[in-house]
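> This is data17.txt, which holds compact mmCIF, C-alpha atoms and all ligand atoms:
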```txt
# COMPACT_ATOMS: atom_id res chain seq x y z
CA MET A 1 119.97 102.38 55.78
CA SER A 2 119.35 100.82 52.40
CA LYS A 3 116.42 98.55 51.61
CA SER A 4 118.82 95.60 51.51
CA VAL A 5 120.01 96.32 55.05
CA LEU A 6 116.40 96.70 56.19
CA GLU A 7 115.50 93.41 54.55
CA ALA A 8 118.29 91.56 56.35
CA LEU A 9 117.28 93.22 59.63
CA GLY A 10 113.71 92.00 59.19
CA SER A 11 114.76 88.51 58.12
CA ILE A 12 114.11 85.14 59.77
CA PHE A 13 117.45 85.33 61.59
CA THR A 14 115.39 87.18 64.20
CA ASN A 15 113.94 83.80 65.14
CA LYS A 16 117.18 82.06 66.04
CA TYR A 17 119.06 81.85 69.34
CA ALA A 18 122.83 81.53 68.95
CA GLU A 19 124.54 82.08 72.34
CA GLY A 20 128.29 81.77 71.92
CA TYR A 21 130.46 82.48 68.89
CA PRO A 22 130.67 80.89 65.41
CA GLY A 23 131.73 77.26 65.79
CA LYS A 24 131.19 77.39 69.59
CA ARG A 25 127.47 77.84 70.14
CA TYR A 26 125.31 76.76 73.07
CA TYR A 27 122.46 76.04 70.60
CA GLY A 28 122.17 73.73 67.60
CA GLY A 29 120.91 74.73 64.18
CA ASN A 30 123.40 77.52 63.66
CA LYS A 31 125.13 76.41 60.47
CA TYR A 32 123.89 79.44 58.51
CA THR A 33 124.01 81.80 61.47
CA ASP A 34 127.71 81.02 61.79
CA GLN A 35 128.22 81.82 58.12
CA VAL A 36 126.44 85.14 58.52
CA GLU A 37 128.36 86.16 61.64
CA ASN A 38 131.70 85.14 60.13
CA LEU A 39 130.87 87.11 57.00
CA ALA A 40 130.17 90.24 59.05
CA ILE A 41 133.42 89.76 60.99
CA GLU A 42 135.55 89.22 57.88
CA ARG A 43 134.04 92.21 56.09
CA ALA A 44 134.68 94.48 59.07
CA LYS A 45 138.27 93.24 59.40
CA GLN A 46 138.95 93.94 55.77
CA LEU A 47 137.19 97.28 55.61
CA PHE A 48 138.84 98.80 58.68
CA GLY A 49 142.07 96.81 58.74
CA ALA A 50 141.26 95.33 62.17
CA GLU A 51 142.96 92.28 63.67
CA HIS A 52 139.93 91.07 65.62
CA VAL A 53 136.24 91.99 65.43
CA ASN A 54 133.27 91.26 67.67
CA VAL A 55 129.95 92.09 65.97
CA GLN A 56 127.70 91.04 68.87
CA PRO A 57 127.36 94.25 70.98
CA TYR A 58 123.69 95.19 71.12
CA SER A 59 124.56 98.86 70.68
CA GLY A 60 127.28 101.47 71.18
CA SER A 61 126.85 101.87 74.93
CA PRO A 62 127.13 98.15 75.78
CA ALA A 63 130.12 97.92 73.42
CA ASN A 64 131.97 100.61 75.36
CA ILE A 65 131.06 99.09 78.71
CA ALA A 66 132.26 95.67 77.50
CA VAL A 67 135.66 97.13 76.65
CA TYR A 68 135.96 98.61 80.14
CA VAL A 69 134.86 95.36 81.78
CA ALA A 70 137.39 93.47 79.67
CA LEU A 71 140.34 95.74 80.32
CA MET A 72 139.87 97.24 83.78
CA LYS A 73 139.09 96.27 87.35
CA PHE A 74 136.34 98.27 89.07
CA GLY A 75 137.89 101.42 90.49
CA ASP A 76 140.62 101.67 87.84
CA THR A 77 141.11 105.04 86.20
CA LEU A 78 139.53 105.94 82.86
CA VAL A 79 140.17 109.16 80.95
CA GLY A 80 137.49 110.29 78.50
CA MET A 81 135.84 113.40 77.09
CA SER A 82 133.19 115.04 79.24
CA LEU A 83 129.60 114.86 78.03
CA ALA A 84 129.14 118.60 78.54
CA GLN A 85 131.92 119.32 76.07
CA GLY A 86 131.23 116.72 73.42
CA GLY A 87 131.90 113.25 74.84
CA HIS A 88 129.41 110.42 75.29
CA LEU A 89 127.75 109.33 78.54
CA THR A 90 129.75 106.09 78.40
CA HIS A 91 133.04 107.99 78.37
CA GLY A 92 132.84 108.45 82.13
CA HIS A 93 129.80 110.54 83.06
CA PRO A 94 128.85 110.13 86.74
CA VAL A 95 125.26 109.04 85.98
CA ASN A 96 126.50 106.30 83.65
CA PHE A 97 127.80 102.86 84.61
CA SER A 98 131.25 103.99 83.41
CA GLY A 99 131.30 106.85 85.91
CA LYS A 100 130.05 104.67 88.76
CA ALA A 101 132.27 101.62 88.29
CA TYR A 102 135.55 103.38 87.45
CA ARG A 103 137.46 106.41 88.61
CA CYS A 104 136.71 108.65 85.67
CA VAL A 105 138.70 111.75 84.88
CA GLN A 106 137.41 113.92 82.07
CA TYR A 107 139.02 116.17 79.50
CA GLY A 108 137.23 118.88 77.55
CA VAL A 109 138.04 121.52 74.98
CA ASP A 110 139.96 124.78 75.26
CA LYS A 111 137.75 127.67 76.39
CA GLU A 112 139.01 130.05 73.70
CA THR A 113 139.46 127.82 70.65
CA GLN A 114 136.82 125.20 71.61
CA LEU A 115 139.31 122.65 70.24
CA LEU A 116 140.93 119.68 71.95
CA ASP A 117 144.16 120.72 73.63
CA TYR A 118 146.53 117.76 73.32
CA ASP A 119 149.08 119.26 75.72
CA GLU A 120 146.38 119.45 78.40
CA ILE A 121 145.21 115.89 77.68
CA ARG A 122 148.80 114.67 77.95
CA LYS A 123 149.26 116.50 81.28
CA LEU A 124 146.03 114.98 82.59
CA ALA A 125 147.08 111.49 81.52
CA GLU A 126 150.54 111.89 83.08
CA LYS A 127 148.98 113.01 86.36
CA GLU A 128 146.14 110.47 86.54
CA LYS A 129 147.89 107.39 85.09
CA PRO A 130 144.73 105.88 83.55
CA LYS A 131 144.32 102.28 82.53
CA VAL A 132 142.33 103.30 79.43
CA ILE A 133 142.19 106.58 77.48
CA VAL A 134 139.12 107.09 75.30
CA SER A 135 139.12 109.33 72.24
CA GLY A 136 136.04 110.07 70.16
CA ALA A 137 132.92 112.17 70.66
CA THR A 138 129.26 112.77 70.19
CA ALA A 139 129.35 116.49 69.60
CA TYR A 140 132.73 117.67 68.31
CA PRO A 141 132.80 119.27 64.86
CA ARG A 142 136.53 118.80 64.18
CA GLU A 143 138.88 115.91 63.55
CA PHE A 144 140.32 113.72 66.30
CA ASP A 145 144.08 113.14 66.17
CA PHE A 146 143.99 109.43 67.01
CA LYS A 147 147.77 109.11 66.50
CA GLU A 148 148.37 111.69 69.21
CA PHE A 149 145.89 109.99 71.56
CA HIS A 150 147.66 106.67 71.05
CA ALA A 151 151.08 108.27 71.62
CA ILE A 152 149.82 109.78 74.89
CA ALA A 153 148.39 106.42 75.96
CA GLN A 154 151.64 104.64 75.16
CA ASP A 155 153.71 107.19 77.05
CA VAL A 156 151.67 106.76 80.24
CA GLY A 157 151.25 102.99 79.94
CA ALA A 158 147.53 103.13 79.12
CA ILE A 159 145.42 101.25 76.59
CA SER A 160 144.18 103.48 73.77
CA MET A 161 140.52 103.21 72.84
CA ALA A 162 138.86 105.14 70.01
CA ASP A 163 135.08 105.39 69.87
CA ILE A 164 134.38 106.15 66.21
CA ALA A 165 130.59 105.75 66.45
CA HIS A 166 129.92 109.04 64.72
CA ILE A 167 132.66 109.00 62.14
CA ALA A 168 133.09 105.34 61.11
CA GLY A 169 131.71 106.08 57.63
CA LEU A 170 134.00 109.08 57.27
CA VAL A 171 137.00 106.92 58.22
CA ILE A 172 136.08 104.40 55.53
CA GLY A 173 135.60 107.21 53.04
CA GLY A 174 139.07 108.57 53.81
CA VAL A 175 137.71 111.93 54.97
CA HIS A 176 138.70 111.44 58.62
CA GLN A 177 141.95 110.11 60.07
CA SER A 178 141.70 106.38 60.81
CA PRO A 179 142.54 105.04 64.29
CA PHE A 180 143.85 101.86 62.62
CA PRO A 181 146.16 100.05 62.80
CA PHE A 182 147.80 101.59 65.87
CA THR A 183 144.87 102.08 68.32
CA ASP A 184 144.49 99.18 70.76
CA VAL A 185 140.68 99.01 70.76
CA VAL A 186 138.14 100.70 68.48
CA THR A 187 134.39 100.70 69.08
CA THR A 188 131.72 101.90 66.70
CA THR A 189 127.99 101.93 66.38
CA THR A 190 126.81 100.65 63.02
CA HIS A 191 123.79 102.95 62.65
CA LYS A 192 125.32 106.37 62.17
CA THR A 193 127.58 107.29 59.22
CA LEU A 194 128.08 103.56 58.55
CA ARG A 195 124.42 103.49 57.48
CA GLY A 196 123.71 100.09 58.99
CA PRO A 197 121.31 98.69 61.57
CA ARG A 198 121.21 99.90 65.18
CA GLY A 199 124.06 97.98 66.77
CA ALA A 200 127.81 98.10 67.33
CA MET A 201 131.15 96.41 66.83
CA ILE A 202 134.35 96.19 68.83
CA MET A 203 137.57 95.98 66.84
CA CYS A 204 140.86 95.34 68.58
CA LYS A 205 144.40 94.07 68.47
CA GLN A 206 144.65 90.30 68.88
CA ALA A 207 146.13 90.75 72.37
CA TYR A 208 142.75 92.00 73.68
CA ALA A 209 140.52 89.68 71.65
CA GLU A 210 139.87 86.98 74.22
CA ALA A 211 139.12 89.36 77.09
CA ILE A 212 136.76 91.42 74.93
CA ASP A 213 134.90 88.41 73.54
CA LYS A 214 134.44 87.07 77.08
CA ALA A 215 133.22 90.44 78.34
CA ILE A 216 130.50 90.51 75.66
CA PHE A 217 129.48 86.87 76.10
CA PRO A 218 129.01 85.53 78.71
CA GLY A 219 130.07 88.67 80.62
CA LEU A 220 127.37 91.13 79.67
CA GLN A 221 125.12 89.72 76.98
CA GLY A 222 123.16 86.58 76.13
CA GLY A 223 121.95 85.62 72.67
CA PRO A 224 123.33 87.75 69.85
CA HIS A 225 120.83 89.50 67.56
CA GLU A 226 121.75 87.58 64.44
CA ASN A 227 119.23 89.42 62.25
CA ARG A 228 121.03 92.62 63.15
CA ILE A 229 124.38 90.94 62.51
CA ALA A 230 123.11 89.86 59.07
CA ALA A 231 122.13 93.49 58.41
CA THR A 232 125.61 94.57 59.56
CA ALA A 233 127.17 92.18 57.04
CA VAL A 234 125.08 93.78 54.28
CA CYS A 235 125.94 97.31 55.37
CA LEU A 236 129.65 96.49 55.47
CA LYS A 237 129.48 95.18 51.91
CA GLU A 238 127.80 98.42 50.86
CA ALA A 239 130.40 100.45 52.73
CA ALA A 240 133.15 98.72 50.73
CA GLN A 241 131.79 100.03 47.41
CA PRO A 242 133.25 103.10 45.67
CA GLU A 243 129.85 104.85 45.94
CA PHE A 244 130.17 104.77 49.72
CA LYS A 245 133.45 106.72 49.56
CA ALA A 246 131.68 109.31 47.43
CA TYR A 247 128.87 109.40 50.00
CA ALA A 248 131.30 110.04 52.86
CA LYS A 249 133.02 112.84 50.92
CA GLN A 250 129.65 114.41 50.14
CA ILE A 251 128.64 114.31 53.84
CA VAL A 252 131.63 116.52 54.67
CA LYS A 253 131.10 118.85 51.69
CA ASN A 254 127.45 119.19 52.69
CA ALA A 255 128.31 119.93 56.31
CA LYS A 256 130.67 122.70 55.19
CA ALA A 257 127.97 124.12 52.88
CA LEU A 258 125.39 124.04 55.66
CA ALA A 259 127.87 125.64 58.07
CA ASP A 260 128.64 128.41 55.55
CA SER A 261 124.95 129.03 55.02
CA LEU A 262 124.32 129.30 58.77
CA LEU A 263 127.29 131.66 59.15
CA ASP A 264 125.87 133.79 56.31
CA HIS A 265 122.63 133.99 58.30
CA GLY A 266 124.42 135.29 61.38
CA PHE A 267 124.74 132.06 63.38
CA THR A 268 127.70 131.46 65.67
CA LEU A 269 129.21 128.00 65.24
CA VAL A 270 131.28 126.20 67.85
CA THR A 271 134.92 126.24 66.59
CA GLY A 272 133.72 128.47 63.75
CA GLY A 273 132.68 125.63 61.44
CA THR A 274 133.15 121.94 60.80
CA ASP A 275 135.56 119.37 59.39
CA ASN A 276 133.23 116.42 59.74
CA HIS A 277 129.55 115.60 59.48
CA LEU A 278 128.19 117.77 62.29
CA ILE A 279 127.68 121.35 63.30
CA LEU A 280 127.13 122.79 66.75
CA ALA A 281 125.38 126.12 66.61
CA ASP A 282 125.63 128.48 69.58
CA LEU A 283 122.29 130.31 69.65
CA ARG A 284 123.03 132.88 72.32
CA ASN A 285 123.13 135.76 69.81
CA LYS A 286 119.83 134.62 68.28
CA GLY A 287 117.68 135.26 71.33
CA VAL A 288 116.53 131.65 71.42
CA THR A 289 117.50 128.64 73.56
CA GLY A 290 118.34 125.21 72.21
CA LYS A 291 115.02 123.85 73.39
CA GLU A 292 113.03 126.68 71.80
CA ALA A 293 114.95 126.26 68.54
CA GLU A 294 114.37 122.49 68.54
CA THR A 295 110.64 123.06 69.08
CA CYS A 296 110.14 125.68 66.39
CA LEU A 297 112.26 123.71 63.91
CA ASP A 298 110.08 120.67 64.66
CA GLN A 299 107.06 122.80 63.80
CA ALA A 300 108.74 123.66 60.53
CA GLY A 301 109.43 119.98 59.77
CA ILE A 302 113.18 120.16 60.44
CA THR A 303 114.57 117.72 63.00
CA VAL A 304 117.61 118.76 65.05
CA ASN A 305 118.61 118.26 68.65
CA LYS A 306 119.16 120.72 71.41
CA ASN A 307 122.72 120.39 72.66
CA MET A 308 125.10 121.83 75.21
CA ILE A 309 127.87 124.03 73.85
CA PRO A 310 131.32 124.01 75.55
CA TYR A 311 131.23 125.83 78.92
CA ASP A 312 127.45 126.22 78.61
CA SER A 313 125.85 128.13 81.46
CA ARG A 314 122.48 126.51 80.71
CA LYS A 315 121.22 122.99 81.55
CA PRO A 316 121.11 119.90 79.25
CA PHE A 317 117.30 120.04 78.92
CA ASP A 318 117.40 123.63 77.73
CA PRO A 319 120.96 124.30 76.59
CA SER A 320 122.37 127.12 74.46
CA GLY A 321 122.90 125.18 71.26
CA ILE A 322 121.59 122.83 68.63
CA ARG A 323 123.41 119.99 66.88
CA LEU A 324 122.92 119.37 63.19
CA GLY A 325 124.29 116.68 60.89
CA THR A 326 124.36 115.99 57.17
CA PRO A 327 124.58 112.14 56.86
CA ALA A 328 120.81 111.64 56.49
CA ILE A 329 120.15 114.41 53.98
CA THR A 330 123.24 113.28 52.03
CA THR A 331 121.76 109.76 51.84
CA ARG A 332 118.62 111.37 50.41
CA GLY A 333 120.76 112.86 47.64
CA MET A 334 121.12 116.47 48.72
CA LYS A 335 124.18 118.38 47.55
CA GLU A 336 125.86 121.63 48.61
CA SER A 337 123.25 123.95 47.04
CA ASP A 338 120.44 122.04 48.80
CA CYS A 339 122.33 122.37 52.10
CA LYS A 340 122.56 126.13 51.57
CA HIS A 341 118.79 126.06 51.17
CA VAL A 342 118.42 124.00 54.38
CA GLY A 343 120.53 126.61 56.20
CA GLN A 344 118.20 129.32 54.97
CA LEU A 345 115.13 127.33 56.06
CA ILE A 346 116.63 126.87 59.54
CA ALA A 347 117.31 130.61 59.78
CA ASP A 348 113.77 131.42 58.56
CA ALA A 349 112.16 129.03 61.05
CA ILE A 350 114.12 130.36 64.03
CA GLU A 351 113.32 133.92 63.04
CA ALA A 352 109.63 132.97 62.74
CA LYS A 353 109.55 131.24 66.13
CA ASN A 354 106.55 133.18 67.42
CA ASN A 355 104.72 133.42 64.12
CA ALA A 356 102.62 130.34 63.37
CA ALA A 357 101.70 131.49 59.84
CA ARG A 358 105.33 132.02 58.86
CA LEU A 359 106.33 128.68 60.40
CA ARG A 360 103.61 126.97 58.33
CA LYS A 361 105.08 128.59 55.21
CA VAL A 362 108.56 127.27 56.05
CA ARG A 363 107.04 123.86 56.72
CA GLN A 364 105.50 123.84 53.25
CA GLU A 365 108.89 124.66 51.70
CA VAL A 366 110.53 121.87 53.76
CA LYS A 367 107.87 119.44 52.53
CA GLU A 368 108.59 120.31 48.92
CA LEU A 369 112.33 119.85 49.44
CA CYS A 370 111.75 116.45 51.08
CA LYS A 371 109.51 115.35 48.22
CA ALA A 372 112.33 116.11 45.80
CA PHE A 373 114.64 113.85 47.85
CA PRO A 374 112.59 110.83 48.97
CA VAL A 375 114.06 108.44 51.56
CA TYR A 376 113.52 105.43 49.24
N1 LIG B 401 129.57 106.45 71.38
C1 LIG B 401 129.31 107.62 70.78
C2 LIG B 401 130.44 108.51 70.39
C3 LIG B 401 127.98 108.00 70.51
O1 LIG B 401 127.73 109.17 69.93
C4 LIG B 401 126.95 107.11 70.89
C5 LIG B 401 125.54 107.45 70.63
O2 LIG B 401 125.16 108.51 70.32
C6 LIG B 401 127.28 105.92 71.53
C7 LIG B 401 128.59 105.63 71.76
C8 LIG B 401 126.22 105.00 72.07
O3 LIG B 401 125.54 104.33 71.12
P1 LIG B 401 124.09 103.70 71.45
O4 LIG B 401 123.14 104.86 71.46
O5 LIG B 401 123.90 102.78 70.30
O6 LIG B 401 124.17 103.00 72.76
```
Would you encode the structure as structure tokens?
Ligand code: PLP

Amino acid sequence: MSKSVLEALGSIFTNKYAEGYPGKRYYGGNKYTDQVENLAIERAKQLFGAEHVNVQPYSGSPANIAVYVALMKFGDTLVGMSLAQGGHLTHGHPVNFSGKAYRCVQYGVDKETQLLDYDEIRKLAEKEKPKVIVSGATAYPREFDFKEFHAIAQDVGAISMADIAHIAGLVIGGVHQSPFPFTDVVTTTTHKTLRGPRGAMIMCKQAYAEAIDKAIFPGLQGGPHENRIAATAVCLKEAAQPEFKAYAKQIVKNAKALADSLLDHGFTLVTGGTDNHLILADLRNKGVTGKEAETCLDQAGITVNKNMIPYDSRKPFDPSGIRLGTPAITTRGMKESDCKHVGQLIADAIEAKNNAARLRKVRQEVKELCKAFPVY
């Protein structure tokens, strides 16, 4: 996030309770808080083209749960993407509230192509007759066809929900299909490609506004974090500038450059590459597990996360892959040639996994690269 967003996040709005919504608070003294929250709402509406916006969700997970609580009865059927194949915990995983409170049926990707198979998703929806169908992912390197998801939902009488947590910034930048205006409900975190504070928003058609607002407060939450909402208002203003569009485009260009570099160094990538901001590398041909790769990259000063690959035979704590993304290094100013360099550093570090001296050498190179692209 920018210094301005950080400043708003650390502002005196932290000190104020404001249960309720602008104009209808359970606390006095909220004249300016109301202005701030309304500003965030109006900016989000304009930026995404949303009919109704709630900026109070504490984070992405409570936002998703609030949508379910608003639109379903316990035991109703939810269709979402499985965690093991790219979805989020809140899209119906059995250990999550979503998987416990609702009858969750999961879709994944095709075993051969590793891509979403819309015919299969349609068949699943026709068979299961869900109340809500969730699109969106945590670890899927290609575009989501939100139009197709909405068409499937409409055909089976379900509500369409898109979770654009990862790609909200790309949507604004016009480098990913937008779920607006047709999708019934859209959730997003504000701290990923949107480059805002840790938090979330729910955007929906007017028809669902009342139920969703009630599910957030008083249904699931108490006092909204108005300092975070102030920071969201700042980040949305920044996201409306032409420079932000350029940033989003560069994220995708950088991801492609990093993917190409990894391919050149003999890595196998899930789906063969990327169309968005992230890359899933399948390390099985590299003689290293996801956990080992994460550890040796940490030693080299490169932060990634171990991640399951589709149809992984290994377990989540030591899976076969790693997940990499370019939003942060793009914010630091890196371009395609720098991403090629990062790919080479990743390859060097993994190759040097048992060689402390070589890892130290890579770490020194990483340090120099970081110095050339300071965070602030
Ligand atoms: N939805 C998606 C697609 C995510 O990737 C994430 C987090 O990674 C979330 C929701 C949850 O967000 P939070 O971690 O803020 O609860």
> When you look at Gly10 (chain A) with a cut-off of 12 Å (counting only C-alpha atoms), what residues show up, excluding the ones that are within fewer than 3 positions of it in the same chain? I need them as an MDAnalysis selection string.
chainID A and resid 3:7 13:15 197 225:231
> At most 10 Å is the cut-off: for each residue in region 92-128 of chain A with any atom that close to an atom of region 53-61 of chain A, write down the nearest atom pair and the distance in Å rounded to one decimal, counting all atoms listed in the file, chain first then increasing number, as JSON lines.

```
{"residue": "A:Asn96", "atom": "CA", "partner": "A:Ser61", "partner_atom": "CA", "distance": 9.8}
{"residue": "A:Phe97", "atom": "CA", "partner": "A:Ser61", "partner_atom": "CA", "distance": 9.8}
{"residue": "A:Ser98", "atom": "CA", "partner": "A:Ser61", "partner_atom": "CA", "distance": 9.8}
```
> In Å, rounded to a single decimal, give me how far CA of Arg358 (chain A) is from CA of Pro319 (chain A).
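According to the coordinates, CA of Pro319 (chain A) and CA of Arg358 (chain A) are separated by 24.9 Å.
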> For Lys111 (chain A), please output as a list in words all residues within 8 Å (counting all atoms listed in the file; exclusion window: fewer than 2 positions along the same chain).
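Once the adjacent positions are removed, what remains is Val109, Thr113, Gln114, Pro310 and Tyr311 of chain A.
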> Restricting the calculation to all atoms listed in the file: of A:Gly266, A:Pro94, A:Pro242, A:Pro374, which residue gets closest to Ile172 (chain A)?
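The closest residue to Ile172 (chain A) is A:Pro242.
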> So, counting only C-alpha atoms, which residue among A:Ala357, A:Ile350, A:Leu47, A:Val79 is closest to Phe180 (chain A)?
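Residue with the minimum atom-to-atom distance to Phe180 (chain A): A:Leu47.
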> Could you pull the residues within 9 Å of Phe317 (chain A), counting all atoms listed in the file, minus those fewer than 2 positions along the same chain, as a tab-separated table (two decimals) with C-alpha atoms, in the frame of the given file?

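The resulting file, out.tsv, is reproduced below:
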```
chain	number	residue	atom	x	y	z
A	290	GLY	CA	118.34	125.21	72.21
A	291	LYS	CA	115.02	123.85	73.39
A	306	LYS	CA	119.16	120.72	71.41
A	307	ASN	CA	122.72	120.39	72.66
A	308	MET	CA	125.10	121.83	75.21
A	314	ARG	CA	122.48	126.51	80.71
A	315	LYS	CA	121.22	122.99	81.55
A	319	PRO	CA	120.96	124.30	76.59
```
> What does the distance from CA of Lys335 (chain A) to CA of Glu368 (chain A) come to in Å, to one decimal?
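Value for the CA of Lys335 (chain A)-CA of Glu368 (chain A) distance: 15.8 Å.
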> Which neighbours of Ala50 (chain A) fall inside 10 Å, counting only C-alpha atoms, when residues of the same chain fewer than 3 positions from it are skipped, and could you give them as JSON, numbers by chain?
{"A": [41, 42, 43, 44, 45, 46, 47, 53, 180, 181, 182, 183, 184, 185, 186, 202, 203, 204, 205, 206]}
